[in-house]
>>> print(open('work_27.txt').read())   # compact mmCIF, C-alpha atoms
# COMPACT_ATOMS: atom_id res chain seq x y z
CA MET A 1 23.10 104.94 68.33
CA ASP A 2 20.11 104.05 70.56
CA GLY A 3 20.08 101.48 73.36
CA GLY A 4 18.82 98.67 71.12
CA ASP A 5 21.61 99.28 68.63
CA ILE A 6 24.18 99.11 71.43
CA ILE A 7 22.83 95.77 72.64
CA ARG A 8 22.90 94.31 69.13
CA HIS A 9 26.36 95.71 68.53
CA MET A 10 27.62 94.04 71.71
CA ALA A 11 26.14 90.65 70.79
CA VAL A 12 29.37 89.45 69.14
CA GLU A 13 32.46 89.24 71.33
CA PHE A 14 35.96 88.99 69.93
CA TYR A 15 38.90 87.40 71.73
CA ILE A 16 42.08 88.64 70.09
CA CYS A 17 45.20 86.55 70.74
CA ILE A 18 48.70 87.90 70.15
CA PRO A 19 51.84 85.80 70.71
CA VAL A 20 54.68 88.20 71.53
CA TYR A 21 58.39 87.53 71.23
CA ASN A 22 60.94 90.37 71.14
CA SER A 23 58.50 92.66 69.36
CA GLU A 24 59.21 95.99 71.05
CA LYS A 25 59.70 97.71 67.67
CA PHE A 26 56.15 96.96 66.48
CA LEU A 27 54.12 96.13 69.58
CA ASP A 28 52.72 99.59 70.35
CA ARG A 29 51.50 99.91 66.76
CA CYS A 30 49.94 96.45 66.91
CA ILE A 31 48.06 96.93 70.19
CA SER A 32 46.98 100.46 69.24
CA SER A 33 45.24 99.04 66.16
CA ILE A 34 43.01 97.03 68.50
CA LEU A 35 42.41 99.82 70.97
CA GLY A 36 41.29 101.97 68.05
CA GLN A 37 38.49 99.63 66.92
CA ASN A 38 34.96 101.06 67.10
CA HIS A 39 33.45 97.72 68.08
CA MET A 40 33.99 97.70 71.85
CA ALA A 41 33.16 94.07 72.73
CA TRP A 42 36.69 92.69 72.49
CA HIS A 43 39.19 91.10 74.86
CA LEU A 44 42.91 90.95 74.20
CA VAL A 45 45.22 88.14 75.33
CA LEU A 46 48.93 88.94 75.04
CA VAL A 47 51.31 86.00 75.46
CA ASP A 48 54.84 87.16 76.25
CA ASP A 49 56.71 84.08 75.03
CA GLY A 50 59.98 84.59 76.89
CA SER A 51 60.89 87.95 75.35
CA VAL A 52 64.28 89.35 76.35
CA ASP A 53 63.59 92.90 75.19
CA SER A 54 61.00 95.32 76.61
CA SER A 55 58.00 93.52 75.06
CA GLY A 56 56.84 92.08 78.38
CA ASP A 57 56.85 95.53 80.02
CA ILE A 58 54.91 96.98 77.09
CA CYS A 59 52.27 94.26 77.49
CA ASP A 60 51.95 94.96 81.21
CA ARG A 61 51.62 98.68 80.61
CA TYR A 62 48.63 98.18 78.32
CA ALA A 63 47.02 95.65 80.66
CA ASP A 64 47.30 98.11 83.56
CA SER A 65 45.44 100.74 81.53
CA ASP A 66 42.61 98.59 80.11
CA GLY A 67 40.71 95.83 81.91
CA ARG A 68 39.96 94.03 78.64
CA ILE A 69 43.63 93.12 78.25
CA ARG A 70 45.16 90.02 79.84
CA VAL A 71 48.89 89.20 79.80
CA ILE A 72 50.52 85.78 80.10
CA HIS A 73 54.25 85.66 80.79
CA GLN A 74 55.93 82.32 80.01
CA ASP A 75 59.30 80.84 79.14
CA ASN A 76 59.89 80.65 75.41
CA GLN A 77 57.74 77.76 74.14
CA GLY A 78 57.12 78.62 70.48
CA GLN A 79 54.17 79.89 68.50
CA ILE A 80 51.87 76.87 68.79
CA ARG A 81 52.08 76.67 72.56
CA ALA A 82 51.72 80.44 72.85
CA ARG A 83 48.56 80.41 70.73
CA ASN A 84 47.12 77.43 72.61
CA ASN A 85 47.73 79.16 75.93
CA ALA A 86 46.07 82.31 74.58
CA VAL A 87 42.97 80.37 73.48
CA ARG A 88 42.85 78.55 76.81
CA THR A 89 42.83 81.91 78.59
CA ALA A 90 40.20 83.26 76.19
CA ARG A 91 37.97 80.32 77.04
CA GLN A 92 38.36 81.08 80.73
CA MET A 93 37.45 84.71 80.07
CA SER A 94 34.41 83.77 77.99
CA ALA A 95 31.20 83.07 79.90
CA ASN A 96 30.57 80.10 77.61
CA ASP A 97 33.31 78.83 75.32
CA LYS A 98 30.68 77.06 73.19
CA ALA A 99 28.74 80.26 72.60
CA ASP A 100 27.93 81.11 69.00
CA ASN A 101 28.72 84.78 69.56
CA ALA A 102 32.34 84.39 70.79
CA TYR A 103 35.03 84.50 68.11
CA VAL A 104 38.82 84.19 68.27
CA LEU A 105 41.19 86.26 66.13
CA PHE A 106 44.96 86.00 65.94
CA VAL A 107 47.24 88.94 65.24
CA ASP A 108 51.01 88.68 64.84
CA SER A 109 52.82 91.16 67.06
CA ASP A 110 54.46 92.97 64.12
CA ASP A 111 51.15 93.33 62.23
CA ARG A 112 47.89 95.19 62.91
CA LEU A 113 44.15 95.14 62.35
CA LYS A 114 42.84 97.68 59.89
CA GLU A 115 40.51 100.44 61.04
CA GLY A 116 36.94 99.18 61.32
CA ALA A 117 37.95 95.50 61.03
CA LEU A 118 35.85 94.34 63.98
CA ASP A 119 32.81 96.29 62.78
CA THR A 120 33.09 94.56 59.39
CA LEU A 121 33.42 91.16 61.05
CA PHE A 122 30.47 91.85 63.35
CA LYS A 123 28.28 92.72 60.37
CA ALA A 124 29.38 89.63 58.40
CA ILE A 125 28.75 87.37 61.38
CA GLU A 126 25.28 88.72 62.14
CA GLU A 127 24.16 88.83 58.50
CA ASN A 128 25.27 85.24 57.87
CA GLY A 129 23.72 83.60 60.94
CA TYR A 130 26.84 83.28 63.10
CA PRO A 131 29.02 81.07 60.85
CA ASP A 132 31.86 78.97 62.17
CA MET A 133 34.41 81.19 60.47
CA VAL A 134 34.88 84.49 58.63
CA VAL A 135 37.91 84.67 56.32
CA TYR A 136 39.45 87.92 55.10
CA GLY A 137 42.44 89.28 53.20
CA SER A 138 45.45 91.39 54.10
CA ASP A 139 47.43 94.30 52.71
CA LYS A 140 51.24 94.13 52.80
CA VAL A 141 53.08 97.05 54.35
CA SER A 142 56.71 97.88 55.02
CA GLU A 143 58.19 98.08 58.51
CA ALA A 144 57.53 101.82 58.31
CA GLY A 145 53.86 101.17 57.55
CA ILE A 146 54.05 102.10 53.85
CA LEU A 147 51.65 100.16 51.62
CA LEU A 148 53.53 97.66 49.45
CA GLU A 149 50.71 95.55 48.04
CA ARG A 150 46.97 96.06 48.26
CA TYR A 151 44.73 93.01 48.57
CA ASP A 152 42.64 92.39 45.45
CA GLY A 153 39.63 90.40 46.62
CA SER A 154 38.18 90.23 43.11
CA LYS A 155 40.76 87.55 42.24
CA TYR A 156 39.48 85.08 44.81
CA PHE A 157 36.28 83.41 45.91
CA HIS A 158 34.02 85.49 48.12
CA GLY A 159 30.68 84.46 49.52
CA THR A 160 29.20 82.02 52.03
CA LEU A 161 29.74 78.25 52.07
CA THR A 162 27.75 75.85 54.23
CA ASP A 163 29.37 72.55 53.29
CA ARG A 164 32.68 71.39 54.78
CA LYS A 165 33.94 69.80 51.56
CA ASP A 166 33.24 73.01 49.63
CA ILE A 167 35.15 74.99 52.25
CA LEU A 168 38.18 72.73 52.00
CA LYS A 169 38.16 72.70 48.20
CA THR A 170 38.08 76.50 48.28
CA VAL A 171 41.03 76.92 50.66
CA ILE A 172 43.25 74.51 48.67
CA ALA A 173 42.24 75.91 45.25
CA PRO A 174 45.14 76.72 42.88
CA VAL A 175 44.33 80.46 42.98
CA LYS A 176 43.97 81.63 46.56
CA PRO A 177 45.23 84.21 49.06
CA ASN A 178 46.96 83.24 52.28
CA TYR A 179 44.30 81.06 53.89
CA CYS A 180 46.95 79.15 55.86
CA SER A 181 47.74 82.00 58.22
CA LEU A 182 45.74 82.11 61.43
CA TRP A 183 45.54 85.89 61.19
CA SER A 184 43.31 85.61 58.09
CA LYS A 185 40.21 84.44 59.94
CA ALA A 186 37.84 84.90 62.87
CA THR A 187 36.72 81.55 64.28
CA ARG A 188 34.05 80.55 66.78
CA ILE A 189 35.76 79.79 70.05
CA GLY A 190 34.05 76.39 70.34
CA LEU A 191 35.95 75.06 67.31
CA PHE A 192 39.30 75.14 69.09
CA ASP A 193 40.62 71.90 70.52
CA SER A 194 43.05 71.70 73.43
CA ASP A 195 44.17 68.10 72.97
CA GLY A 196 47.63 69.27 71.91
CA TYR A 197 50.15 68.09 69.34
CA ASP A 198 53.06 65.72 68.97
CA GLU A 199 56.34 67.17 70.18
CA GLU A 200 57.76 67.44 66.63
CA LEU A 201 54.83 69.66 65.65
CA LEU A 202 55.14 71.82 68.75
CA ASP A 203 58.74 72.53 67.71
CA MET A 204 57.75 73.80 64.25
CA ARG A 205 58.92 77.28 63.29
CA TRP A 206 57.88 77.31 59.61
CA GLY A 207 54.23 76.97 58.62
CA GLU A 208 53.10 76.09 62.12
CA ASP A 209 50.00 78.25 61.73
CA ALA A 210 48.97 76.26 58.65
CA ILE A 211 48.39 73.07 60.64
CA GLN A 212 46.24 74.96 63.14
CA SER A 213 44.35 76.72 60.34
CA PHE A 214 43.55 73.47 58.55
CA GLU A 215 42.38 71.88 61.79
CA LEU A 216 39.86 74.71 62.04
CA PHE A 217 38.84 74.42 58.38
CA CYS A 218 38.27 70.68 58.89
CA ARG A 219 35.90 71.42 61.78
CA SER A 220 33.97 74.19 60.04
CA ASP A 221 30.55 73.60 58.52
CA SER A 222 30.01 77.23 57.50
CA ALA A 223 32.40 79.96 56.41
CA VAL A 224 32.09 83.47 55.02
CA PHE A 225 34.83 84.61 52.65
CA LEU A 226 35.09 88.41 52.45
CA ASP A 227 36.48 90.23 49.42
CA LYS A 228 38.32 92.84 51.47
CA ALA A 229 41.43 93.22 53.61
CA LEU A 230 40.89 93.61 57.35
CA TYR A 231 44.53 93.05 58.25
CA GLU A 232 47.92 94.64 57.59
CA TYR A 233 50.80 92.21 57.23
CA THR A 234 54.24 93.72 57.88
CA VAL A 235 57.10 92.49 55.71
CA ASN A 236 59.57 92.09 58.56
CA HIS A 237 62.93 90.80 57.35
CA LYS A 238 63.93 89.83 60.90
CA SER A 239 60.92 87.58 61.43
CA VAL A 240 61.22 83.80 61.81
CA THR A 241 60.06 83.35 58.21
CA HIS A 242 63.03 85.31 56.90
CA THR A 243 65.74 84.00 59.26
CA LEU A 244 64.96 80.28 59.59
CA ASP A 245 67.72 77.72 59.01
CA PHE A 246 67.04 75.95 55.71
CA ARG A 247 67.31 72.42 57.17
CA LYS A 248 64.73 73.30 59.80
CA GLY A 249 62.57 74.91 57.12
CA ILE A 250 62.64 71.79 54.94
CA ALA A 251 61.82 69.52 57.88
CA ASP A 252 58.94 71.76 58.99
CA THR A 253 57.58 71.97 55.45
CA ILE A 254 57.49 68.18 55.19
CA ARG A 255 55.99 67.60 58.65
CA GLY A 256 53.39 70.31 58.26
CA ASN A 257 52.19 69.16 54.84
CA ALA A 258 52.04 65.53 55.96
CA TYR A 259 49.90 66.52 58.96
CA ILE A 260 47.56 68.62 56.81
CA GLY A 261 47.40 65.92 54.14
CA HIS A 262 46.31 63.41 56.76
CA LEU A 263 43.55 65.79 57.90
CA LEU A 264 42.29 66.36 54.37
CA GLU A 265 42.26 62.66 53.47
CA SER A 266 39.28 62.10 55.74
CA GLU A 267 37.26 64.78 53.90
CA LEU A 268 38.41 64.82 50.25
CA THR A 269 39.17 62.32 47.51
CA ASP A 270 42.67 61.95 46.10
CA ALA A 271 41.60 63.80 42.94
CA GLU A 272 40.10 66.65 44.98
CA MET A 273 43.34 66.90 46.95
CA GLN A 274 45.57 67.33 43.90
CA PRO A 275 45.78 71.14 44.30
CA PHE A 276 47.05 70.55 47.84
CA TYR A 277 49.76 68.16 46.62
CA GLU A 278 50.87 70.68 43.99
CA ASP A 279 50.97 73.48 46.54
CA ALA A 280 52.98 71.29 48.93
CA ALA A 281 55.41 70.57 46.08
CA ASP A 282 55.77 74.29 45.34
CA LYS A 283 56.59 75.00 48.97
CA LEU A 284 59.14 72.20 49.22
CA LEU A 285 60.85 73.19 45.99
CA SER A 286 60.97 76.83 47.05
CA MET A 287 62.49 75.81 50.38
CA ILE A 288 65.03 73.39 48.95
CA SER A 289 66.14 75.55 46.02
CA GLY A 290 68.04 77.98 48.25
CA PRO A 291 70.70 75.52 49.42
CA MET A 292 70.87 73.98 45.92
CA VAL A 293 72.19 77.27 44.48
CA SER A 294 74.15 78.29 47.56
CA THR A 295 77.95 78.45 47.40
CA ARG A 296 78.10 77.44 51.07
CA LEU A 297 77.36 73.80 50.28
CA ALA A 298 79.60 71.56 48.20
CA GLY A 299 78.09 69.44 45.45
CA LYS A 300 78.26 66.29 47.59
CA GLU A 301 76.46 68.06 50.44
CA LYS A 302 73.68 69.15 48.10
CA ILE A 303 73.22 65.61 46.80
CA ALA A 304 73.19 64.30 50.38
CA LEU A 305 70.48 66.81 51.28
CA LEU A 306 68.35 65.72 48.33
CA LYS A 307 68.79 62.06 49.29
CA SER A 308 67.84 62.62 52.92
CA THR A 309 64.80 64.67 51.90
CA ALA A 310 63.63 62.03 49.42
CA ALA A 311 64.18 59.27 51.99
CA ASP A 312 61.63 60.82 54.35
CA ASP A 313 58.51 58.65 54.23
CA SER A 314 56.16 61.60 54.80
CA CYS A 315 57.84 63.58 52.03
CA ARG A 316 57.48 60.72 49.56
CA GLU A 317 53.87 60.01 50.48
CA TYR A 318 52.46 63.52 50.53
CA ILE A 319 54.71 65.40 48.10
CA LEU A 320 57.18 63.58 45.87
CA CYS A 321 54.99 60.74 44.66
CA ARG A 322 51.73 62.69 44.34
CA GLN A 323 52.70 65.94 42.64
CA LYS A 324 52.74 66.26 38.86
CA ARG A 325 54.09 69.77 38.35
CA HIS A 326 57.85 69.67 38.96
CA ARG A 327 60.18 67.35 37.06
CA SER A 328 62.93 67.98 39.60
CA LEU A 329 60.86 66.51 42.44
CA SER A 330 59.88 63.55 40.27
CA LEU A 331 63.60 62.93 39.65
CA MET A 332 64.17 62.96 43.41
CA ALA A 333 61.43 60.36 43.83
CA GLU A 334 63.13 58.23 41.17
CA GLY A 335 66.55 58.52 42.86
CA GLU A 336 68.06 60.59 40.00
CA TYR A 337 69.74 63.05 42.33
CA ASP A 338 72.35 64.52 39.97
CA LYS A 339 69.64 65.30 37.41
CA ALA A 340 67.36 66.62 40.16
CA LEU A 341 70.09 68.99 41.37
CA LYS A 342 70.59 70.46 37.89
CA SER A 343 66.85 70.74 37.35
CA ILE A 344 66.34 72.58 40.65
CA GLN A 345 69.19 74.96 39.86
CA MET A 346 67.69 75.78 36.45
CA TRP A 347 64.26 76.28 38.07
CA SER A 348 65.80 78.69 40.60
CA ILE A 349 67.41 80.76 37.84
CA GLY A 350 64.09 80.92 36.01
CA GLN A 351 62.29 82.02 39.17
CA PHE A 352 64.87 84.76 39.76
CA PHE A 353 64.40 86.26 36.31
CA LEU A 354 60.61 85.90 36.54
CA PHE A 355 60.62 87.75 39.86
CA ALA A 356 62.86 90.49 38.44
CA TYR A 357 60.59 90.86 35.41
CA LEU A 358 57.39 91.05 37.47
CA LYS A 359 58.97 93.53 39.87
CA THR A 360 60.00 95.75 36.94
CA VAL A 361 56.51 95.58 35.40
CA ARG A 362 54.89 96.53 38.72
CA PHE A 363 57.33 99.42 39.18
CA ILE A 364 56.68 100.77 35.68
CA SER A 365 52.91 100.33 36.11
CA GLY A 366 53.04 102.18 39.42
CA ARG A 367 54.99 105.08 37.91
CA PHE A 368 52.55 105.21 35.01
CA ARG A 369 49.52 105.34 37.32
CA LYS A 370 51.11 108.15 39.33
CA SER A 371 51.82 110.22 36.22
CA SER A 372 48.33 109.71 34.74
>>> encode(input="work_27.txt", output="structure tokens")
Amino acid sequence: MDGGDIIRHMAVEFYICIPVYNSEKFLDRCISSILGQNHMAWHLVLVDDGSVDSSGDICDRYADSDGRIRVIHQDNQGQIRARNNAVRTARQMSANDKADNAYVLFVDSDDRLKEGALDTLFKAIEENGYPDMVVYGSDKVSEAGILLERYDGSKYFHGTLTDRKDILKTVIAPVKPNYCSLWSKATRIGLFDSDGYDEELLDMRWGEDAIQSFELFCRSDSAVFLDKALYEYTVNHKSVTHTLDFRKGIADTIRGNAYIGHLLESELTDAEMQPFYEDAADKLLSMISGPMVSTRLAGKEKIALLKSTAADDSCREYILCRQKRHRSLSLMAEGEYDKALKSIQMWSIGQFFLFAYLKTVRFISGRFRKSS
């Protein structure tokens, strides 16, 4: 590589933000995936969000060994505050936080960037005239790092969009990968806003990255969608997603979708938003089905939960009264709670057998491919 190539290669700077909370089991693997990138123009901001294990010490150890790494230690404040503090620090580190060549990436502390990810992003950014955002896929791996599911980019849209409405219609399309996660995109640093959120949003533990993602989508006028995975998502059964209390999960699902719905209303028509309403309904039904089949709740408690959920104004406005897919949610909107309970229970049984069937098919297909 000659001198000119080095200068061009250094033109794009990446600010990688990692919120850290009790992640000592995965943190070395996560940080090492960044240290191993060929593209050298990166800065890493680690936010130790009140960890009580050795995560904070691990962060400090890496910062002491590499000047590109900055560590923030704070009392536990949650993911949104941790990410906002990371971006605020990235802006301070950047010579110009409005610069077209400075991009922010988020990585969860139990995940990792794939080899060559930053090189691929650099190329996509330069070739597409420094877009507001580059979106990419992820492979799923086990806690031991074993591949569980490879990203198939051929299923989804890939290409460049230069119209905000087209971007939003793409990310809420019925068939889509996980666009809601902040780790699925690199975003120009100037698109981030530091105005903050209402307290109820700051306290979110489920889907909190979706509201931040959609804020960025609603500010983007150009986006490149890649057909490849640049990220490895670890299926961690001790993560917040897998351990969250169901009442908190339902409340967060409602609040998050109402917030996103309000953002989208200023950009899309009601007809264009229908895929969003259906997706919001899917998420609510998935969240609420667990307690409806649980033996821990009595029948009266289940009915009471359905009533309180349906009584939420945000839930009615952005989910119950706008979705057309699930009869059970329509019954909730109509106040037919006994019928809704039975319908949700039947839906849950159907989902269980569908999941078991698909898992069996994948297993048999995998064995067949190995033997061929």
>>> closest_atom_pairs(input="work_27.txt", of="range 191-265 of chain A", to="range 61-77 of chain A", cutoff="12 Å", atoms="all atoms listed in the file", output="tab-separated table")
residue	atom	partner	partner_atom	distance
A:Glu199	CA	A:Gln77	CA	11.4
A:Leu202	CA	A:Gln77	CA	8.4
A:Asp203	CA	A:Gln77	CA	8.3
A:Met204	CA	A:Gln77	CA	10.7
A:Arg205	CA	A:Gln77	CA	10.9
>>> closest_residue(input="work_27.txt", among="A:Leu147, A:Ala86, A:Val235, A:Ile80", to="Val104 in chain A", atoms="only C-alpha atoms")
A:Ala86
>>> residues_around(input="work_27.txt", residues="range 324-330 of chain A", least_positions_apart="6", cutoff="6 Å", atoms="only C-alpha atoms", output="list in words")
Ala340, Ser343 and Ile344 of chain A
>>> residues_around(input="work_27.txt", residues="Leu201 in chain A", least_positions_apart="5", cutoff="12 Å", atoms="all atoms listed in the file", output="ChimeraX atom specification")
/A:78-81,196,206-212,251-260
>>> write_last_selection(input="work_27.txt", atoms="C-alpha atoms", output="short mmCIF file (atom, residue, chain, number, x, y, z; two decimals), in the coordinates of the input")
data_model
loop_
_atom_site.label_atom_id
_atom_site.label_comp_id
_atom_site.auth_asym_id
_atom_site.auth_seq_id
_atom_site.Cartn_x
_atom_site.Cartn_y
_atom_site.Cartn_z
CA GLY A 78 57.12 78.62 70.48
CA GLN A 79 54.17 79.89 68.50
CA ILE A 80 51.87 76.87 68.79
CA ARG A 81 52.08 76.67 72.56
CA GLY A 196 47.63 69.27 71.91
CA TRP A 206 57.88 77.31 59.61
CA GLY A 207 54.23 76.97 58.62
CA GLU A 208 53.10 76.09 62.12
CA ASP A 209 50.00 78.25 61.73
CA ALA A 210 48.97 76.26 58.65
CA ILE A 211 48.39 73.07 60.64
CA GLN A 212 46.24 74.96 63.14
CA ALA A 251 61.82 69.52 57.88
CA ASP A 252 58.94 71.76 58.99
CA THR A 253 57.58 71.97 55.45
CA ILE A 254 57.49 68.18 55.19
CA ARG A 255 55.99 67.60 58.65
CA GLY A 256 53.39 70.31 58.26
CA ASN A 257 52.19 69.16 54.84
CA ALA A 258 52.04 65.53 55.96
CA TYR A 259 49.90 66.52 58.96
CA ILE A 260 47.56 68.62 56.81
#
>>> atom_distance(input="work_27.txt", atom1="CA of Asp111 in chain A", atom2="CA of Leu230 in chain A")
11.4 Å
>>> closest_residue(input="work_27.txt", among="A:Glu24, A:Glu336, A:Glu115, A:Asp57", to="Asn38 in chain A", atoms="only C-alpha atoms")
A:Glu115
>>> closest_residue(input="work_27.txt", among="A:Asn84, A:Pro177, A:Tyr337, A:Lys169", to="Ala271 in chain A", atoms="only C-alpha atoms")
A:Lys169
>>> atom_distance(input="work_27.txt", atom1="CA of Asp139 in chain A", atom2="CA of Thr89 in chain A")
29.1 Å
>>> atom_distance(input="work_27.txt", atom1="CA of Arg83 in chain A", atom2="CA of Phe217 in chain A")
16.8 Å
>>> closest_residue(input="work_27.txt", among="A:Met346, A:Cys321, A:Leu46, A:Val135", to="Asp60 in chain A", atoms="all atoms listed in the file")
A:Leu46
>>> closest_residue(input="work_27.txt", among="A:Leu341, A:Gly249, A:Gly145, A:Ser138", to="Gly299 in chain A", atoms="all atoms listed in the file")
A:Leu341
>>> residues_around(input="work_27.txt", residues="Ser286 in chain A", least_positions_apart="5", cutoff="10 Å", atoms="all atoms listed in the file", output="PDB file with C-alpha atoms, in the coordinates of the input")
ATOM      1  CA  ILE A 250      62.640  71.790  54.940  1.00  0.00           C
ATOM      2  CA  ALA A 280      52.980  71.290  48.930  1.00  0.00           C
ATOM      3  CA  ALA A 281      55.410  70.570  46.080  1.00  0.00           C
ATOM      4  CA  ILE A 344      66.340  72.580  40.650  1.00  0.00           C
ATOM      5  CA  TRP A 347      64.260  76.280  38.070  1.00  0.00           C
ATOM      6  CA  SER A 348      65.800  78.690  40.600  1.00  0.00           C
ATOM      7  CA  GLN A 351      62.290  82.020  39.170  1.00  0.00           C
TER       8      GLN A 351
END
>>> residues_around(input="work_27.txt", residues="His39 in chain A", least_positions_apart="3", cutoff="10 Å", atoms="all atoms listed in the file", output="number ranges by chain")
A: 6, 9-10, 12-14, 34-36, 42, 116-122
>>> closest_residue(input="work_27.txt", among="A:Ser33, A:Ser142, A:Gln274, A:Thr187", to="His237 in chain A", atoms="all atoms listed in the file")
A:Ser142
>>> axis_aligned_box(input="work_27.txt", around="range 270-288 of chain A", padding_each_side="3 Å", output="AutoDock Vina command-line options")
--center_x 52.6 --center_y 69.4 --center_z 46.7 --size_x 30.9 --size_y 20.9 --size_z 13.4
>>> build_atoms(input="work_27.txt", residues="range 11-34 of chain A", atoms="N, CA and C atoms", output="short mmCIF file (atom, residue, chain, number, x, y, z; two decimals), in the coordinates of the input")
data_model
loop_
_atom_site.label_atom_id
_atom_site.label_comp_id
_atom_site.auth_asym_id
_atom_site.auth_seq_id
_atom_site.Cartn_x
_atom_site.Cartn_y
_atom_site.Cartn_z
N ALA A 11 26.50 92.06 70.79
CA ALA A 11 26.14 90.65 70.79
C ALA A 11 27.30 89.75 70.41
N VAL A 12 28.21 90.23 69.55
CA VAL A 12 29.37 89.45 69.14
C VAL A 12 30.58 89.89 69.94
N GLU A 13 31.25 88.93 70.57
CA GLU A 13 32.46 89.24 71.33
C GLU A 13 33.67 88.64 70.64
N PHE A 14 34.72 89.43 70.57
CA PHE A 14 35.96 88.99 69.93
C PHE A 14 37.06 88.81 70.97
N TYR A 15 37.75 87.69 70.88
CA TYR A 15 38.90 87.40 71.73
C TYR A 15 40.13 87.40 70.83
N ILE A 16 40.95 88.42 70.97
CA ILE A 16 42.08 88.64 70.09
C ILE A 16 43.34 88.14 70.79
N CYS A 17 44.04 87.21 70.14
CA CYS A 17 45.20 86.55 70.74
C CYS A 17 46.47 86.96 69.99
N ILE A 18 47.46 87.45 70.75
CA ILE A 18 48.70 87.90 70.15
C ILE A 18 49.89 87.24 70.84
N PRO A 19 50.58 86.30 70.18
CA PRO A 19 51.84 85.80 70.71
C PRO A 19 52.91 86.88 70.53
N VAL A 20 53.69 87.11 71.56
CA VAL A 20 54.68 88.20 71.53
C VAL A 20 56.06 87.64 71.84
N TYR A 21 56.99 87.91 70.96
CA TYR A 21 58.39 87.53 71.23
C TYR A 21 59.32 88.59 70.65
N ASN A 22 59.97 89.34 71.54
CA ASN A 22 60.94 90.37 71.14
C ASN A 22 60.37 91.28 70.05
N SER A 23 59.22 91.86 70.36
CA SER A 23 58.50 92.66 69.36
C SER A 23 58.40 94.13 69.73
N GLU A 24 59.34 94.62 70.53
CA GLU A 24 59.21 95.99 71.05
C GLU A 24 59.12 97.03 69.93
N LYS A 25 59.70 96.75 68.77
CA LYS A 25 59.70 97.71 67.67
C LYS A 25 58.31 97.93 67.10
N PHE A 26 57.45 96.89 67.13
CA PHE A 26 56.15 96.96 66.48
C PHE A 26 54.97 96.88 67.44
N LEU A 27 55.21 96.53 68.69
CA LEU A 27 54.12 96.13 69.58
C LEU A 27 53.14 97.25 69.87
N ASP A 28 53.64 98.47 70.09
CA ASP A 28 52.72 99.59 70.35
C ASP A 28 51.77 99.79 69.17
N ARG A 29 52.31 99.73 67.96
CA ARG A 29 51.50 99.91 66.76
C ARG A 29 50.45 98.81 66.65
N CYS A 30 50.85 97.59 66.98
CA CYS A 30 49.94 96.45 66.91
C CYS A 30 48.79 96.60 67.90
N ILE A 31 49.10 96.84 69.16
CA ILE A 31 48.06 96.93 70.19
C ILE A 31 47.18 98.15 69.96
N SER A 32 47.77 99.25 69.51
CA SER A 32 46.98 100.46 69.24
C SER A 32 45.92 100.22 68.17
N SER A 33 46.22 99.33 67.22
CA SER A 33 45.24 99.04 66.16
C SER A 33 44.01 98.34 66.72
N ILE A 34 44.14 97.69 67.85
CA ILE A 34 43.01 97.03 68.50
C ILE A 34 42.27 98.02 69.41
#
